[in-house]
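Below is one structure, written out as structure tokens; comments come after it.
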Amino acid sequence: MTRLWVGVTALLVSACGGDSHTSSGPGGSEDDFGDPWLTEPKFEIGKDIGRGDEASFGLISSVRVLDEGKRILVVEAAALRVTIWTPEGSLVREVGRPGEGPGEFTGALFAEVHRDGFRIRDFQRYSSFSRDGALIGTAPYPPRRLSFRGFPLGTQALLHNGSFLAIPRVPAAPLAGVGGDDPIEYVPVYNVRAEGDDWTTETIAMLDTRNRDMSIRPKGTPFEDRGFELGQPFGDFDLTWFDPDAGSVVVLRRNLAGGAVELMEIEASGDTLWRRRVSPSPVPLGPDRLAAFIDETARRVATALEGREAESATVGAIADAIEEVLYVPDPLPGATRLHGSGSGEIWFRG
């Protein structure tokens, strides 16, 4: 039996759009979180289903609530499958199919809920559907010739006026300055729009990308010369969440002293709607936990690279290489994930 549980355990920090709703007021600081909020799963899609493949959930890239909880949208990226369900587990409709025609999908899928229904984003375009799954229209991405220092743009949101919000796709090596070039420490958030046959890109925010990736060259291994890149697991680079309905991006800055973070919502025009500093309880990593983390990471990386259980010498070399370039702020960043809810709230995970 296949089940998909829709629930969340998180910390509410502020509201998205308009005025802030905590006692510190817009632009203030908040460090009293009160008691933690714990939730139970609200929907168990597939609980009583045993009919063929109706609930054959695979790699799920998006789960969204439609019609104030009356419908649940499930996106299975690998299967190019989009389905609409009732909270009781009944299949209402399967939306689209693999292909390149209107209402069809290519590549990985992600969902965005908008005021009239929802959009599905794939490798080529946005497909907009009504709440009941009827196709409204499609919008291809901006042309590939648009770039930042030669790096292509990754479209993050389609706005109601037809413009896009986008971030450059910069690989780890250029970010870290591998190859002799200066590291790329900041990348823009662009408002991309068409003006007739021309396209313009306007910078509305700059994102701190320092400490996002690390380049590993373990000595005495086949990877010493060519190396490989990993994400910095404790990096305090900026996080983002895009709200296509509001036409804005929420930026979470994490490189502040003492583990504090700052959130701000920026409109497509570049204006800042609100700003809030939040101070979670500081979390130090500690030498024992750090050593255990490096060892476990080295073992997993070595096994993945060699396709089998790695030799201890290889694990040790990778561990030494990780320790040499690992970024560990003290205390750790006050947030690790950022997400916005359909009701306009901003959540982050500590």
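Residue names in the structure tokens use chain letters A, B, ... in the order shown, residue numbers from 1 in each chain, and ligand numbers from 1 in the order shown.
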- Distance query Val192 of chain A at most 8 Å, only C-alpha atoms, self and fewer than 2 positions along chain excluded, as a ChimeraX atom specification: /A:142,163-166,190,194,199-202
Selection export as a PDB file, in the first residue's frame, atoms kept: N, CA and C atoms:
ATOM      1  N   PRO A 142      12.646  32.477 -20.963  1.00  0.00           N
ATOM      2  CA  PRO A 142      13.409  33.472 -21.732  1.00  0.00           C
ATOM      3  C   PRO A 142      14.494  32.797 -22.561  1.00  0.00           C
ATOM      4  N   SER A 163       6.491  38.636 -16.903  1.00  0.00           N
ATOM      5  CA  SER A 163       7.936  38.678 -16.662  1.00  0.00           C
ATOM      6  C   SER A 163       8.342  37.497 -15.785  1.00  0.00           C
ATOM      7  N   PHE A 164       9.667  37.302 -15.659  1.00  0.00           N
ATOM      8  CA  PHE A 164      10.200  36.177 -14.909  1.00  0.00           C
ATOM      9  C   PHE A 164      11.163  36.685 -13.834  1.00  0.00           C
ATOM     10  N   LEU A 165      11.294  35.930 -12.763  1.00  0.00           N
ATOM     11  CA  LEU A 165      12.380  36.102 -11.815  1.00  0.00           C
ATOM     12  C   LEU A 165      13.351  34.952 -12.016  1.00  0.00           C
ATOM     13  N   ALA A 166      14.653  35.270 -12.081  1.00  0.00           N
ATOM     14  CA  ALA A 166      15.645  34.262 -12.439  1.00  0.00           C
ATOM     15  C   ALA A 166      16.941  34.486 -11.679  1.00  0.00           C
ATOM     16  N   TYR A 190      17.426  38.414 -11.076  1.00  0.00           N
ATOM     17  CA  TYR A 190      16.994  39.249 -12.187  1.00  0.00           C
ATOM     18  C   TYR A 190      15.474  39.267 -12.317  1.00  0.00           C
ATOM     19  N   ALA A 194      10.195  40.714 -21.517  1.00  0.00           N
ATOM     20  CA  ALA A 194      10.264  40.976 -22.950  1.00  0.00           C
ATOM     21  C   ALA A 194       9.724  42.364 -23.250  1.00  0.00           C
ATOM     22  N   TRP A 199      14.746  41.480 -24.948  1.00  0.00           N
ATOM     23  CA  TRP A 199      14.604  41.069 -23.553  1.00  0.00           C
ATOM     24  C   TRP A 199      15.533  41.908 -22.695  1.00  0.00           C
ATOM     25  N   THR A 200      15.065  42.249 -21.512  1.00  0.00           N
ATOM     26  CA  THR A 200      15.884  43.011 -20.575  1.00  0.00           C
ATOM     27  C   THR A 200      16.023  42.239 -19.261  1.00  0.00           C
ATOM     28  N   THR A 201      17.154  42.466 -18.595  1.00  0.00           N
ATOM     29  CA  THR A 201      17.379  41.874 -17.271  1.00  0.00           C
ATOM     30  C   THR A 201      17.683  43.011 -16.303  1.00  0.00           C
ATOM     31  N   GLU A 202      16.898  43.095 -15.247  1.00  0.00           N
ATOM     32  CA  GLU A 202      17.084  44.129 -14.228  1.00  0.00           C
ATOM     33  C   GLU A 202      17.397  43.461 -12.898  1.00  0.00           C
TER      34      GLU A 202
END
Polymer residues at most 6 Å from Leu153 of chain A, only C-alpha atoms, same-chain spacing of 5 or more positions, as a PDB file with N, CA and C atoms, in the first residue's frame:
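File produced: result06.pdb:
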ATOM      1  N   SER A 147      22.287  35.787 -20.024  1.00  0.00           N
ATOM      2  CA  SER A 147      23.193  35.116 -19.097  1.00  0.00           C
ATOM      3  C   SER A 147      23.807  36.122 -18.134  1.00  0.00           C
ATOM      4  N   ILE A 167      17.687  33.391 -11.478  1.00  0.00           N
ATOM      5  CA  ILE A 167      19.007  33.402 -10.851  1.00  0.00           C
ATOM      6  C   ILE A 167      19.978  32.685 -11.775  1.00  0.00           C
ATOM      7  N   PRO A 168      21.199  33.191 -11.957  1.00  0.00           N
ATOM      8  CA  PRO A 168      22.178  32.483 -12.794  1.00  0.00           C
ATOM      9  C   PRO A 168      22.523  31.118 -12.215  1.00  0.00           C
ATOM     10  N   ARG A 169      22.740  30.153 -13.105  1.00  0.00           N
ATOM     11  CA  ARG A 169      23.196  28.822 -12.715  1.00  0.00           C
ATOM     12  C   ARG A 169      24.725  28.795 -12.813  1.00  0.00           C
TER      13      ARG A 169
END
- Task: Take atom CA of Gln156 of chain A and atom CA of Val65 of chain A and report the distance between them in Å, one decimal.
- Result: 19.8 Å
- Message: Using only C-alpha atoms, which protein or nucleic acid residues come within 10 Å of segment 172-178 of chain A? Drop anything in the same chain fewer than 5 positions from it, and give the result as a ChimeraX atom specification.
- Response: /A:151,183-187,209-215,228-231
- Message: Quick check for you: according to DSSP on this backbone, which residues of segment 114-282 of chain A are classed as strand (DSSP E)? Reply as a PyMOL selection string.
- Response: chain A and resi 114+117-121+125-130+135-140+147-148+151-158+164-168+186-195+198-208+213-216+228-231+239-243+248-253+261-267+272-278
